[in-house]
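Colleague: One file is attached below, start-v3.cif, containing mmCIF, N, CA and C atoms.
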```
data_run
loop_
_atom_site.label_atom_id
_atom_site.label_comp_id
_atom_site.auth_asym_id
_atom_site.auth_seq_id
_atom_site.Cartn_x
_atom_site.Cartn_y
_atom_site.Cartn_z
N GLN A 1 -7.96 29.60 22.32
CA GLN A 1 -9.20 28.88 22.61
C GLN A 1 -8.92 27.38 22.62
N VAL A 2 -9.28 26.74 23.72
CA VAL A 2 -9.06 25.31 23.85
C VAL A 2 -10.15 24.55 23.09
N GLN A 3 -9.71 23.57 22.32
CA GLN A 3 -10.65 22.71 21.61
C GLN A 3 -10.24 21.26 21.78
N LEU A 4 -11.22 20.43 22.07
CA LEU A 4 -11.03 18.99 22.11
C LEU A 4 -12.01 18.39 21.11
N ILE A 5 -11.50 17.65 20.16
CA ILE A 5 -12.36 17.10 19.11
C ILE A 5 -12.17 15.59 19.09
N GLU A 6 -13.28 14.88 19.28
CA GLU A 6 -13.25 13.42 19.28
C GLU A 6 -13.50 12.87 17.88
N PHE A 7 -12.86 11.76 17.58
CA PHE A 7 -13.03 11.04 16.32
C PHE A 7 -13.19 9.56 16.60
N GLY A 8 -13.79 8.86 15.66
CA GLY A 8 -13.77 7.41 15.71
C GLY A 8 -15.01 6.72 16.22
N GLY A 9 -16.00 7.47 16.64
CA GLY A 9 -17.22 6.83 17.10
C GLY A 9 -17.98 6.19 15.95
N GLY A 10 -18.98 5.40 16.29
CA GLY A 10 -19.79 4.76 15.27
C GLY A 10 -20.46 3.51 15.80
N LEU A 11 -20.83 2.66 14.87
CA LEU A 11 -21.51 1.41 15.19
C LEU A 11 -20.49 0.27 15.16
N VAL A 12 -20.49 -0.54 16.20
CA VAL A 12 -19.58 -1.68 16.27
C VAL A 12 -20.34 -2.87 16.83
N GLN A 13 -19.98 -4.04 16.37
CA GLN A 13 -20.61 -5.25 16.90
C GLN A 13 -19.98 -5.63 18.24
N ALA A 14 -20.77 -6.21 19.08
CA ALA A 14 -20.24 -6.72 20.35
C ALA A 14 -19.12 -7.70 20.06
N GLY A 15 -18.04 -7.56 20.81
CA GLY A 15 -16.89 -8.43 20.61
C GLY A 15 -15.89 -7.91 19.59
N GLY A 16 -16.23 -6.83 18.91
CA GLY A 16 -15.33 -6.25 17.92
C GLY A 16 -14.34 -5.31 18.58
N SER A 17 -13.93 -4.28 17.85
CA SER A 17 -13.03 -3.29 18.42
C SER A 17 -13.27 -1.94 17.75
N LEU A 18 -12.89 -0.90 18.48
CA LEU A 18 -13.07 0.47 18.00
C LEU A 18 -12.03 1.32 18.71
N ARG A 19 -11.48 2.31 18.03
CA ARG A 19 -10.54 3.22 18.68
C ARG A 19 -11.03 4.65 18.55
N LEU A 20 -11.20 5.28 19.68
CA LEU A 20 -11.55 6.69 19.71
C LEU A 20 -10.28 7.52 19.82
N SER A 21 -10.30 8.67 19.16
CA SER A 21 -9.19 9.62 19.25
C SER A 21 -9.74 10.97 19.69
N CYS A 22 -8.89 11.74 20.36
CA CYS A 22 -9.27 13.09 20.76
C CYS A 22 -8.08 14.00 20.51
N ALA A 23 -8.26 14.94 19.61
CA ALA A 23 -7.20 15.89 19.29
C ALA A 23 -7.41 17.19 20.06
N ALA A 24 -6.36 17.64 20.75
CA ALA A 24 -6.45 18.85 21.56
C ALA A 24 -5.69 19.99 20.90
N SER A 25 -6.24 21.18 20.99
CA SER A 25 -5.56 22.37 20.50
C SER A 25 -5.83 23.52 21.45
N GLY A 26 -4.93 24.50 21.41
CA GLY A 26 -5.12 25.68 22.25
C GLY A 26 -4.63 25.51 23.68
N LEU A 27 -3.95 24.42 23.97
CA LEU A 27 -3.39 24.25 25.31
C LEU A 27 -2.06 23.52 25.21
N THR A 28 -1.25 23.70 26.24
CA THR A 28 0.01 22.98 26.31
C THR A 28 -0.26 21.60 26.86
N PHE A 29 0.00 20.59 26.05
CA PHE A 29 -0.42 19.24 26.40
C PHE A 29 0.32 18.68 27.61
N SER A 30 1.56 19.09 27.80
CA SER A 30 2.26 18.63 29.00
C SER A 30 1.65 19.31 30.22
N GLY A 31 1.60 18.58 31.32
CA GLY A 31 0.96 19.12 32.51
C GLY A 31 -0.54 19.03 32.48
N ILE A 32 -1.07 18.33 31.48
CA ILE A 32 -2.52 18.16 31.33
C ILE A 32 -2.85 16.68 31.40
N ALA A 33 -3.68 16.30 32.37
CA ALA A 33 -4.19 14.93 32.40
C ALA A 33 -5.38 14.85 31.45
N MET A 34 -5.55 13.70 30.85
CA MET A 34 -6.65 13.52 29.90
C MET A 34 -7.54 12.37 30.34
N GLY A 35 -8.83 12.51 30.08
CA GLY A 35 -9.76 11.47 30.48
C GLY A 35 -10.84 11.23 29.45
N TRP A 36 -11.47 10.09 29.58
CA TRP A 36 -12.65 9.74 28.78
C TRP A 36 -13.80 9.48 29.73
N PHE A 37 -14.93 10.04 29.38
CA PHE A 37 -16.17 9.82 30.12
C PHE A 37 -17.23 9.38 29.12
N ARG A 38 -18.34 8.88 29.62
CA ARG A 38 -19.44 8.51 28.73
C ARG A 38 -20.77 8.78 29.40
N GLN A 39 -21.77 8.96 28.56
CA GLN A 39 -23.10 9.24 29.07
C GLN A 39 -24.13 8.55 28.19
N ALA A 40 -24.88 7.66 28.81
CA ALA A 40 -25.98 6.97 28.13
C ALA A 40 -27.26 7.76 28.37
N PRO A 41 -28.26 7.59 27.51
CA PRO A 41 -29.52 8.33 27.67
C PRO A 41 -30.13 8.13 29.06
N GLY A 42 -30.47 9.22 29.69
CA GLY A 42 -31.12 9.16 31.00
C GLY A 42 -30.18 8.85 32.16
N GLN A 43 -28.89 8.80 31.88
CA GLN A 43 -27.93 8.47 32.94
C GLN A 43 -26.94 9.60 33.15
N GLU A 44 -26.27 9.55 34.30
CA GLU A 44 -25.23 10.53 34.60
C GLU A 44 -23.99 10.26 33.75
N ARG A 45 -23.21 11.30 33.53
CA ARG A 45 -21.93 11.13 32.85
C ARG A 45 -21.00 10.38 33.80
N GLU A 46 -20.38 9.33 33.30
CA GLU A 46 -19.55 8.50 34.16
C GLU A 46 -18.12 8.40 33.63
N PHE A 47 -17.21 8.22 34.56
CA PHE A 47 -15.80 8.09 34.26
C PHE A 47 -15.53 6.76 33.56
N VAL A 48 -14.65 6.80 32.55
CA VAL A 48 -14.24 5.59 31.84
C VAL A 48 -12.75 5.31 32.08
N ALA A 49 -11.90 6.31 31.79
CA ALA A 49 -10.46 6.10 31.92
C ALA A 49 -9.76 7.44 31.92
N ALA A 50 -8.56 7.48 32.49
CA ALA A 50 -7.77 8.71 32.50
C ALA A 50 -6.30 8.36 32.51
N ILE A 51 -5.49 9.36 32.10
CA ILE A 51 -4.05 9.15 31.99
C ILE A 51 -3.34 10.44 32.38
N THR A 52 -2.24 10.31 33.11
CA THR A 52 -1.47 11.49 33.49
C THR A 52 -0.72 12.05 32.29
N TRP A 53 -0.20 13.26 32.42
CA TRP A 53 0.44 13.91 31.29
C TRP A 53 1.68 13.16 30.83
N SER A 54 2.35 12.47 31.75
CA SER A 54 3.58 11.76 31.41
C SER A 54 3.32 10.32 30.99
N SER A 55 2.06 9.91 31.02
CA SER A 55 1.66 8.53 30.68
C SER A 55 2.17 7.49 31.65
N ASN A 56 2.70 7.91 32.79
CA ASN A 56 3.24 6.90 33.70
C ASN A 56 2.19 6.39 34.67
N ASN A 57 0.97 6.86 34.54
CA ASN A 57 -0.10 6.33 35.37
C ASN A 57 -1.43 6.44 34.64
N THR A 58 -2.19 5.37 34.69
CA THR A 58 -3.53 5.36 34.10
C THR A 58 -4.49 4.75 35.10
N TYR A 59 -5.78 5.02 34.86
CA TYR A 59 -6.81 4.41 35.69
C TYR A 59 -8.00 4.12 34.80
N HIS A 60 -8.55 2.91 34.92
CA HIS A 60 -9.72 2.51 34.14
C HIS A 60 -10.85 2.12 35.08
N ALA A 61 -12.05 2.49 34.74
CA ALA A 61 -13.20 2.08 35.54
C ALA A 61 -13.31 0.55 35.53
N ASN A 62 -13.84 0.01 36.61
CA ASN A 62 -13.96 -1.46 36.70
C ASN A 62 -14.79 -2.03 35.55
N SER A 63 -15.76 -1.26 35.09
CA SER A 63 -16.65 -1.75 34.04
C SER A 63 -15.95 -1.96 32.70
N VAL A 64 -14.79 -1.32 32.52
CA VAL A 64 -14.08 -1.43 31.24
C VAL A 64 -12.69 -2.02 31.40
N LYS A 65 -12.27 -2.24 32.61
CA LYS A 65 -10.92 -2.73 32.87
C LYS A 65 -10.69 -4.07 32.17
N GLY A 66 -9.56 -4.16 31.48
CA GLY A 66 -9.25 -5.38 30.74
C GLY A 66 -9.80 -5.39 29.33
N ARG A 67 -10.67 -4.43 29.00
CA ARG A 67 -11.24 -4.35 27.65
C ARG A 67 -10.86 -3.04 26.95
N PHE A 68 -10.85 -1.95 27.69
CA PHE A 68 -10.52 -0.63 27.12
C PHE A 68 -9.14 -0.21 27.62
N THR A 69 -8.43 0.53 26.79
CA THR A 69 -7.10 1.03 27.17
C THR A 69 -6.96 2.48 26.72
N ILE A 70 -6.57 3.34 27.65
CA ILE A 70 -6.31 4.73 27.32
C ILE A 70 -4.81 4.90 27.07
N SER A 71 -4.48 5.75 26.10
CA SER A 71 -3.08 6.08 25.83
C SER A 71 -3.04 7.49 25.24
N ARG A 72 -1.84 8.03 25.10
CA ARG A 72 -1.72 9.38 24.55
C ARG A 72 -0.41 9.51 23.80
N ASP A 73 -0.40 10.46 22.87
CA ASP A 73 0.80 10.80 22.12
C ASP A 73 0.97 12.31 22.27
N ASN A 74 1.87 12.73 23.15
CA ASN A 74 2.03 14.16 23.41
C ASN A 74 2.58 14.92 22.20
N ALA A 75 3.32 14.25 21.35
CA ALA A 75 3.84 14.91 20.15
C ALA A 75 2.71 15.28 19.20
N LYS A 76 1.61 14.54 19.29
CA LYS A 76 0.46 14.81 18.41
C LYS A 76 -0.69 15.47 19.16
N ASN A 77 -0.50 15.76 20.45
CA ASN A 77 -1.59 16.35 21.26
C ASN A 77 -2.87 15.53 21.14
N THR A 78 -2.72 14.23 21.21
CA THR A 78 -3.85 13.33 20.99
C THR A 78 -3.91 12.27 22.08
N VAL A 79 -5.12 11.96 22.51
CA VAL A 79 -5.35 10.88 23.44
C VAL A 79 -6.28 9.87 22.77
N TYR A 80 -6.09 8.61 23.11
CA TYR A 80 -6.83 7.53 22.47
C TYR A 80 -7.58 6.68 23.50
N LEU A 81 -8.63 6.03 23.04
CA LEU A 81 -9.30 5.01 23.84
C LEU A 81 -9.51 3.81 22.94
N GLN A 82 -8.73 2.77 23.17
CA GLN A 82 -8.89 1.52 22.43
C GLN A 82 -9.97 0.70 23.12
N MET A 83 -11.02 0.38 22.37
CA MET A 83 -12.15 -0.35 22.92
C MET A 83 -12.16 -1.74 22.30
N ASN A 84 -11.79 -2.73 23.08
CA ASN A 84 -11.82 -4.12 22.63
C ASN A 84 -12.97 -4.85 23.32
N SER A 85 -13.53 -5.79 22.63
CA SER A 85 -14.66 -6.58 23.15
C SER A 85 -15.74 -5.69 23.75
N PRO A 86 -16.20 -4.68 23.05
CA PRO A 86 -17.26 -3.84 23.60
C PRO A 86 -18.55 -4.65 23.77
N LYS A 87 -19.37 -4.18 24.69
CA LYS A 87 -20.64 -4.82 24.98
C LYS A 87 -21.77 -3.83 24.70
N PRO A 88 -22.98 -4.30 24.50
CA PRO A 88 -24.10 -3.37 24.27
C PRO A 88 -24.23 -2.32 25.37
N GLU A 89 -23.91 -2.67 26.60
CA GLU A 89 -24.01 -1.71 27.70
C GLU A 89 -22.95 -0.61 27.64
N ASP A 90 -21.99 -0.71 26.72
CA ASP A 90 -21.01 0.35 26.51
C ASP A 90 -21.56 1.44 25.58
N THR A 91 -22.73 1.24 25.04
CA THR A 91 -23.34 2.22 24.16
C THR A 91 -23.57 3.53 24.90
N ALA A 92 -23.04 4.62 24.36
CA ALA A 92 -23.14 5.92 25.01
C ALA A 92 -22.49 6.97 24.12
N VAL A 93 -22.64 8.22 24.51
CA VAL A 93 -21.83 9.29 23.93
C VAL A 93 -20.55 9.36 24.75
N TYR A 94 -19.42 9.31 24.08
CA TYR A 94 -18.13 9.33 24.75
C TYR A 94 -17.51 10.73 24.62
N TYR A 95 -17.07 11.23 25.76
CA TYR A 95 -16.49 12.57 25.83
C TYR A 95 -15.03 12.52 26.24
N CYS A 96 -14.25 13.33 25.58
CA CYS A 96 -12.86 13.54 25.95
C CYS A 96 -12.80 14.76 26.87
N ALA A 97 -11.90 14.74 27.85
CA ALA A 97 -11.79 15.86 28.77
C ALA A 97 -10.34 16.09 29.16
N ALA A 98 -10.01 17.34 29.49
CA ALA A 98 -8.66 17.72 29.88
C ALA A 98 -8.67 18.39 31.25
N ALA A 99 -7.69 18.03 32.08
CA ALA A 99 -7.59 18.60 33.42
C ALA A 99 -6.19 19.16 33.63
N ARG A 100 -6.12 20.39 34.09
CA ARG A 100 -4.81 20.95 34.45
C ARG A 100 -4.30 20.16 35.66
N ASN A 101 -3.22 19.42 35.45
CA ASN A 101 -2.75 18.52 36.52
C ASN A 101 -1.27 18.28 36.35
N PRO A 102 -0.43 19.01 37.09
CA PRO A 102 1.01 18.87 36.89
C PRO A 102 1.60 17.62 37.52
N TYR A 103 0.80 16.88 38.29
CA TYR A 103 1.34 15.73 39.02
C TYR A 103 1.53 14.55 38.07
N SER A 104 2.58 13.85 38.24
CA SER A 104 2.91 12.76 37.32
C SER A 104 2.25 11.46 37.70
N THR A 105 1.70 11.36 38.92
CA THR A 105 1.12 10.10 39.35
C THR A 105 -0.38 10.19 39.66
N TYR A 106 -0.88 11.37 39.96
CA TYR A 106 -2.30 11.48 40.33
C TYR A 106 -3.16 11.46 39.08
N VAL A 107 -4.18 10.61 39.08
CA VAL A 107 -5.09 10.48 37.94
C VAL A 107 -6.47 11.00 38.35
N PRO A 108 -6.90 12.11 37.82
CA PRO A 108 -8.22 12.64 38.17
C PRO A 108 -9.33 11.76 37.63
N ARG A 109 -10.34 11.47 38.46
CA ARG A 109 -11.41 10.57 38.06
C ARG A 109 -12.79 11.21 38.13
N SER A 110 -12.88 12.34 38.81
CA SER A 110 -14.17 13.00 38.91
C SER A 110 -14.34 13.99 37.77
N LYS A 111 -15.56 14.07 37.22
CA LYS A 111 -15.81 15.01 36.14
C LYS A 111 -15.59 16.45 36.59
N HIS A 112 -15.71 16.69 37.89
CA HIS A 112 -15.54 18.05 38.42
C HIS A 112 -14.08 18.49 38.43
N GLU A 113 -13.17 17.57 38.21
CA GLU A 113 -11.75 17.90 38.18
C GLU A 113 -11.28 18.31 36.79
N TYR A 114 -12.15 18.19 35.81
CA TYR A 114 -11.76 18.47 34.43
C TYR A 114 -12.20 19.86 34.01
N ASP A 115 -11.31 20.52 33.26
CA ASP A 115 -11.52 21.92 32.90
C ASP A 115 -12.08 22.12 31.50
N PHE A 116 -11.81 21.20 30.60
CA PHE A 116 -12.24 21.35 29.22
C PHE A 116 -12.85 20.05 28.72
N TRP A 117 -13.84 20.18 27.83
CA TRP A 117 -14.57 19.02 27.33
C TRP A 117 -14.73 19.09 25.81
N GLY A 118 -14.73 17.91 25.20
CA GLY A 118 -15.08 17.82 23.79
C GLY A 118 -16.58 17.77 23.61
N GLN A 119 -17.01 17.71 22.38
CA GLN A 119 -18.44 17.73 22.07
C GLN A 119 -19.08 16.35 22.15
N GLY A 120 -18.25 15.31 22.21
CA GLY A 120 -18.76 13.95 22.33
C GLY A 120 -18.88 13.25 20.99
N THR A 121 -18.75 11.93 21.04
CA THR A 121 -18.94 11.10 19.86
C THR A 121 -19.75 9.87 20.24
N GLN A 122 -20.72 9.54 19.41
CA GLN A 122 -21.63 8.43 19.73
C GLN A 122 -20.96 7.09 19.42
N VAL A 123 -21.05 6.18 20.38
CA VAL A 123 -20.63 4.80 20.17
C VAL A 123 -21.84 3.91 20.42
N THR A 124 -22.17 3.09 19.44
CA THR A 124 -23.29 2.17 19.56
C THR A 124 -22.77 0.76 19.34
N VAL A 125 -23.02 -0.09 20.32
CA VAL A 125 -22.57 -1.48 20.26
C VAL A 125 -23.78 -2.36 20.03
N SER A 126 -23.78 -3.08 18.93
CA SER A 126 -24.92 -3.96 18.60
C SER A 126 -24.63 -5.37 19.09
N SER A 127 -25.69 -6.04 19.49
CA SER A 127 -25.53 -7.40 20.02
C SER A 127 -25.64 -8.43 18.90
#
```
Output the structure of this file as structure tokens.

Modeller:
Amino acid sequence: QVQLIEFGGGLVQAGGSLRLSCAASGLTFSGIAMGWFRQAPGQEREFVAAITWSSNNTYHANSVKGRFTISRDNAKNTVYLQMNSPKPEDTAVYYCAAARNPYSTYVPRSKHEYDFWGQGTQVTVSS
């Protein structure tokens, strides 16, 4: 049974920093692309960042580029989202997702490309 469990959400002040973690179990981490999405109340779930299984390619949404960084540790089956200088508009439930993707350069960005999802963790940025 595949499980993705997010950690690290909470309340952070604008301009601070926060690191989200997502631990995966029940799947072989190699050959799996990982992504972060977020969903604010009343809005669609939107792409934040993704990383290929080999970590040789990443993609960040324009709204977070230069502030958030995705990374992964395959030895620990864990993916991270470092959030620097968050803004109040970054407030949302953040979801970790996994996509079966053997390609080393293609980064899936659509939620429809992901096969497994975590339960989400709330991030609230205060002004």

Colleague: With all atoms listed in the file as the counted atoms, please give the residues lying no more than 6.5 Å from Val93 of chain A, apart from itself and same-chain residues fewer than 2 positions off, as a PyMOL selection string.

Modeller: chain A and resi 37-41+91+95+120-123

Colleague: Contacts between segment 8-32 of chain A and segment 68-101 of chain A, please, where a residue of segment 68-101 of chain A counts if it comes within 7 Å (with only N, CA and C atoms); show its shortest atom pair and distance in Å to one decimal, rows by chain and ascending number, as CSV.

Modeller:
```
residue,atom,partner,partner_atom,distance
A:Asn74,CA,A:Phe29,CA,6.4
A:Lys76,C,A:Ala24,N,6.3
A:Asn77,C,A:Ala24,N,4.1
A:Thr78,CA,A:Cys22,C,4.3
A:Val79,C,A:Cys22,N,4.0
A:Tyr80,CA,A:Leu20,C,4.4
A:Leu81,N,A:Leu20,C,3.9
A:Gln82,CA,A:Arg19,CA,4.4
A:Met83,N,A:Leu18,C,3.9
A:Asn84,CA,A:Ser17,CA,4.5
A:Ser85,CA,A:Gly15,CA,3.9
A:Pro86,N,A:Gly15,N,4.1
A:Lys87,CA,A:Ala14,CA,5.0
A:Pro88,N,A:Ala14,CA,5.5
A:Cys96,CA,A:Cys22,CA,6.3
A:Ala98,C,A:Ile32,C,6.1
A:Ala99,C,A:Ile32,CA,4.4
A:Arg100,CA,A:Ile32,CA,4.8
A:Asn101,C,A:Gly31,C,4.0
```

Colleague: Since we have the selection now, will you write its residues out, keeping N, CA and C atoms, as a PDB file, keeping the file's coordinate frame?

Modeller:
```pdb
ATOM      1  N   ASN A  74       1.870  12.730  23.150  1.00  0.00           N
ATOM      2  CA  ASN A  74       2.030  14.160  23.410  1.00  0.00           C
ATOM      3  C   ASN A  74       2.580  14.920  22.200  1.00  0.00           C
ATOM      4  N   LYS A  76       1.610  14.540  19.290  1.00  0.00           N
ATOM      5  CA  LYS A  76       0.460  14.810  18.410  1.00  0.00           C
ATOM      6  C   LYS A  76      -0.690  15.470  19.160  1.00  0.00           C
ATOM      7  N   ASN A  77      -0.500  15.760  20.450  1.00  0.00           N
ATOM      8  CA  ASN A  77      -1.590  16.350  21.260  1.00  0.00           C
ATOM      9  C   ASN A  77      -2.870  15.530  21.140  1.00  0.00           C
ATOM     10  N   THR A  78      -2.720  14.230  21.210  1.00  0.00           N
ATOM     11  CA  THR A  78      -3.850  13.330  20.990  1.00  0.00           C
ATOM     12  C   THR A  78      -3.910  12.270  22.080  1.00  0.00           C
ATOM     13  N   VAL A  79      -5.120  11.960  22.510  1.00  0.00           N
ATOM     14  CA  VAL A  79      -5.350  10.880  23.440  1.00  0.00           C
ATOM     15  C   VAL A  79      -6.280   9.870  22.770  1.00  0.00           C
ATOM     16  N   TYR A  80      -6.090   8.610  23.110  1.00  0.00           N
ATOM     17  CA  TYR A  80      -6.830   7.530  22.470  1.00  0.00           C
ATOM     18  C   TYR A  80      -7.580   6.680  23.500  1.00  0.00           C
ATOM     19  N   LEU A  81      -8.630   6.030  23.040  1.00  0.00           N
ATOM     20  CA  LEU A  81      -9.300   5.010  23.840  1.00  0.00           C
ATOM     21  C   LEU A  81      -9.510   3.810  22.940  1.00  0.00           C
ATOM     22  N   GLN A  82      -8.730   2.770  23.170  1.00  0.00           N
ATOM     23  CA  GLN A  82      -8.890   1.520  22.430  1.00  0.00           C
ATOM     24  C   GLN A  82      -9.970   0.700  23.120  1.00  0.00           C
ATOM     25  N   MET A  83     -11.020   0.380  22.370  1.00  0.00           N
ATOM     26  CA  MET A  83     -12.150  -0.350  22.920  1.00  0.00           C
ATOM     27  C   MET A  83     -12.160  -1.740  22.300  1.00  0.00           C
ATOM     28  N   ASN A  84     -11.790  -2.730  23.080  1.00  0.00           N
ATOM     29  CA  ASN A  84     -11.820  -4.120  22.630  1.00  0.00           C
ATOM     30  C   ASN A  84     -12.970  -4.850  23.320  1.00  0.00           C
ATOM     31  N   SER A  85     -13.530  -5.790  22.630  1.00  0.00           N
ATOM     32  CA  SER A  85     -14.660  -6.580  23.150  1.00  0.00           C
ATOM     33  C   SER A  85     -15.740  -5.690  23.750  1.00  0.00           C
ATOM     34  N   PRO A  86     -16.200  -4.680  23.050  1.00  0.00           N
ATOM     35  CA  PRO A  86     -17.260  -3.840  23.600  1.00  0.00           C
ATOM     36  C   PRO A  86     -18.550  -4.650  23.770  1.00  0.00           C
ATOM     37  N   LYS A  87     -19.370  -4.180  24.690  1.00  0.00           N
ATOM     38  CA  LYS A  87     -20.640  -4.820  24.980  1.00  0.00           C
ATOM     39  C   LYS A  87     -21.770  -3.830  24.700  1.00  0.00           C
ATOM     40  N   PRO A  88     -22.980  -4.300  24.500  1.00  0.00           N
ATOM     41  CA  PRO A  88     -24.100  -3.370  24.270  1.00  0.00           C
ATOM     42  C   PRO A  88     -24.230  -2.320  25.370  1.00  0.00           C
ATOM     43  N   CYS A  96     -14.250  13.330  25.580  1.00  0.00           N
ATOM     44  CA  CYS A  96     -12.860  13.540  25.950  1.00  0.00           C
ATOM     45  C   CYS A  96     -12.800  14.760  26.870  1.00  0.00           C
ATOM     46  N   ALA A  98     -10.010  17.340  29.490  1.00  0.00           N
ATOM     47  CA  ALA A  98      -8.660  17.720  29.880  1.00  0.00           C
ATOM     48  C   ALA A  98      -8.670  18.390  31.250  1.00  0.00           C
ATOM     49  N   ALA A  99      -7.690  18.030  32.080  1.00  0.00           N
ATOM     50  CA  ALA A  99      -7.590  18.600  33.420  1.00  0.00           C
ATOM     51  C   ALA A  99      -6.190  19.160  33.630  1.00  0.00           C
ATOM     52  N   ARG A 100      -6.120  20.390  34.090  1.00  0.00           N
ATOM     53  CA  ARG A 100      -4.810  20.950  34.450  1.00  0.00           C
ATOM     54  C   ARG A 100      -4.300  20.160  35.660  1.00  0.00           C
ATOM     55  N   ASN A 101      -3.220  19.420  35.450  1.00  0.00           N
ATOM     56  CA  ASN A 101      -2.750  18.520  36.520  1.00  0.00           C
ATOM     57  C   ASN A 101      -1.270  18.280  36.350  1.00  0.00           C
TER      58      ASN A 101
END
```

Colleague: Let me make sure I understand: among A:Ala75, A:Ala92, A:Val64, A:Ile51, which one has the smallest atom-to-atom distance to Thr124 of chain A if we use all atoms listed in the file?

Modeller: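 When distances to Thr124 of chain A are compared using all atoms listed in the file, the smallest one comes from A:Ala92.
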
Colleague: To one decimal place in Å, what is the distance between atom CA of Gly118 of chain A and atom CA of Val2 of chain A?

Modeller: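 Value for the atom CA of Gly118 of chain A-atom CA of Val2 of chain A distance: 9.6 Å.
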
Colleague: Name the residues that the PyMOL selection byres (((chain A and resi 114 and name CA) around 8) and name CA) picks from the file above, as a PyMOL selection string, using the file's chain letters and numbers.

Modeller: chain A and resi 97-100+108+110-113+115-117

Colleague: Could you turn the residues from that selection into a file that holds N, CA and C atoms, as an mmCIF file, keeping the file's coordinate frame?

Modeller:
```cif
data_model
loop_
_atom_site.group_PDB
_atom_site.id
_atom_site.type_symbol
_atom_site.label_atom_id
_atom_site.label_comp_id
_atom_site.auth_asym_id
_atom_site.auth_seq_id
_atom_site.Cartn_x
_atom_site.Cartn_y
_atom_site.Cartn_z
ATOM 1 N N ALA A 97 -11.900 14.740 27.850
ATOM 2 C CA ALA A 97 -11.790 15.860 28.770
ATOM 3 C C ALA A 97 -10.340 16.090 29.160
ATOM 4 N N ALA A 98 -10.010 17.340 29.490
ATOM 5 C CA ALA A 98 -8.660 17.720 29.880
ATOM 6 C C ALA A 98 -8.670 18.390 31.250
ATOM 7 N N ALA A 99 -7.690 18.030 32.080
ATOM 8 C CA ALA A 99 -7.590 18.600 33.420
ATOM 9 C C ALA A 99 -6.190 19.160 33.630
ATOM 10 N N ARG A 100 -6.120 20.390 34.090
ATOM 11 C CA ARG A 100 -4.810 20.950 34.450
ATOM 12 C C ARG A 100 -4.300 20.160 35.660
ATOM 13 N N PRO A 108 -6.900 12.110 37.820
ATOM 14 C CA PRO A 108 -8.220 12.640 38.170
ATOM 15 C C PRO A 108 -9.330 11.760 37.630
ATOM 16 N N SER A 110 -12.880 12.340 38.810
ATOM 17 C CA SER A 110 -14.170 13.000 38.910
ATOM 18 C C SER A 110 -14.340 13.990 37.770
ATOM 19 N N LYS A 111 -15.560 14.070 37.220
ATOM 20 C CA LYS A 111 -15.810 15.010 36.140
ATOM 21 C C LYS A 111 -15.590 16.450 36.590
ATOM 22 N N HIS A 112 -15.710 16.690 37.890
ATOM 23 C CA HIS A 112 -15.540 18.050 38.420
ATOM 24 C C HIS A 112 -14.080 18.490 38.430
ATOM 25 N N GLU A 113 -13.170 17.570 38.210
ATOM 26 C CA GLU A 113 -11.750 17.900 38.180
ATOM 27 C C GLU A 113 -11.280 18.310 36.790
ATOM 28 N N ASP A 115 -11.310 20.520 33.260
ATOM 29 C CA ASP A 115 -11.520 21.920 32.900
ATOM 30 C C ASP A 115 -12.080 22.120 31.500
ATOM 31 N N PHE A 116 -11.810 21.200 30.600
ATOM 32 C CA PHE A 116 -12.240 21.350 29.220
ATOM 33 C C PHE A 116 -12.850 20.050 28.720
ATOM 34 N N TRP A 117 -13.840 20.180 27.830
ATOM 35 C CA TRP A 117 -14.570 19.020 27.330
ATOM 36 C C TRP A 117 -14.730 19.090 25.810
#
```

Colleague: Mind checking which residues fall within 7 Å of Tyr59 of chain A, counting all atoms listed in the file, ignoring those fewer than 3 positions away in the same chain, and posting them as a list in words?

Modeller: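 The neighbour list is Val48, Ala49, Ala50, Ile51, Thr52 and Val107 of chain A.
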
Colleague: How far is it from atom C of Tyr106 of chain A to atom C of Ala33 of chain A, in Å with one decimal?

Modeller: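 Atom C of Ala33 of chain A lies 8.6 Å from atom C of Tyr106 of chain A.
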
Colleague: I'd like the interatomic distance between atom CA of Pro102 of chain A and atom CA of Met34 of chain A, to a tenth of an Å.

Modeller: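 Atom CA of Met34 of chain A lies at a distance of 11.7 Å from atom CA of Pro102 of chain A.
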
Colleague: From the set A:Gln1, A:Ser127, A:Ile70, A:Glu89, which residue has the shortest atom-to-atom contact distance to Trp36 of chain A, counting all atoms listed in the file?

Modeller: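 Selected residue with least distance to Trp36 of chain A: A:Ile70.
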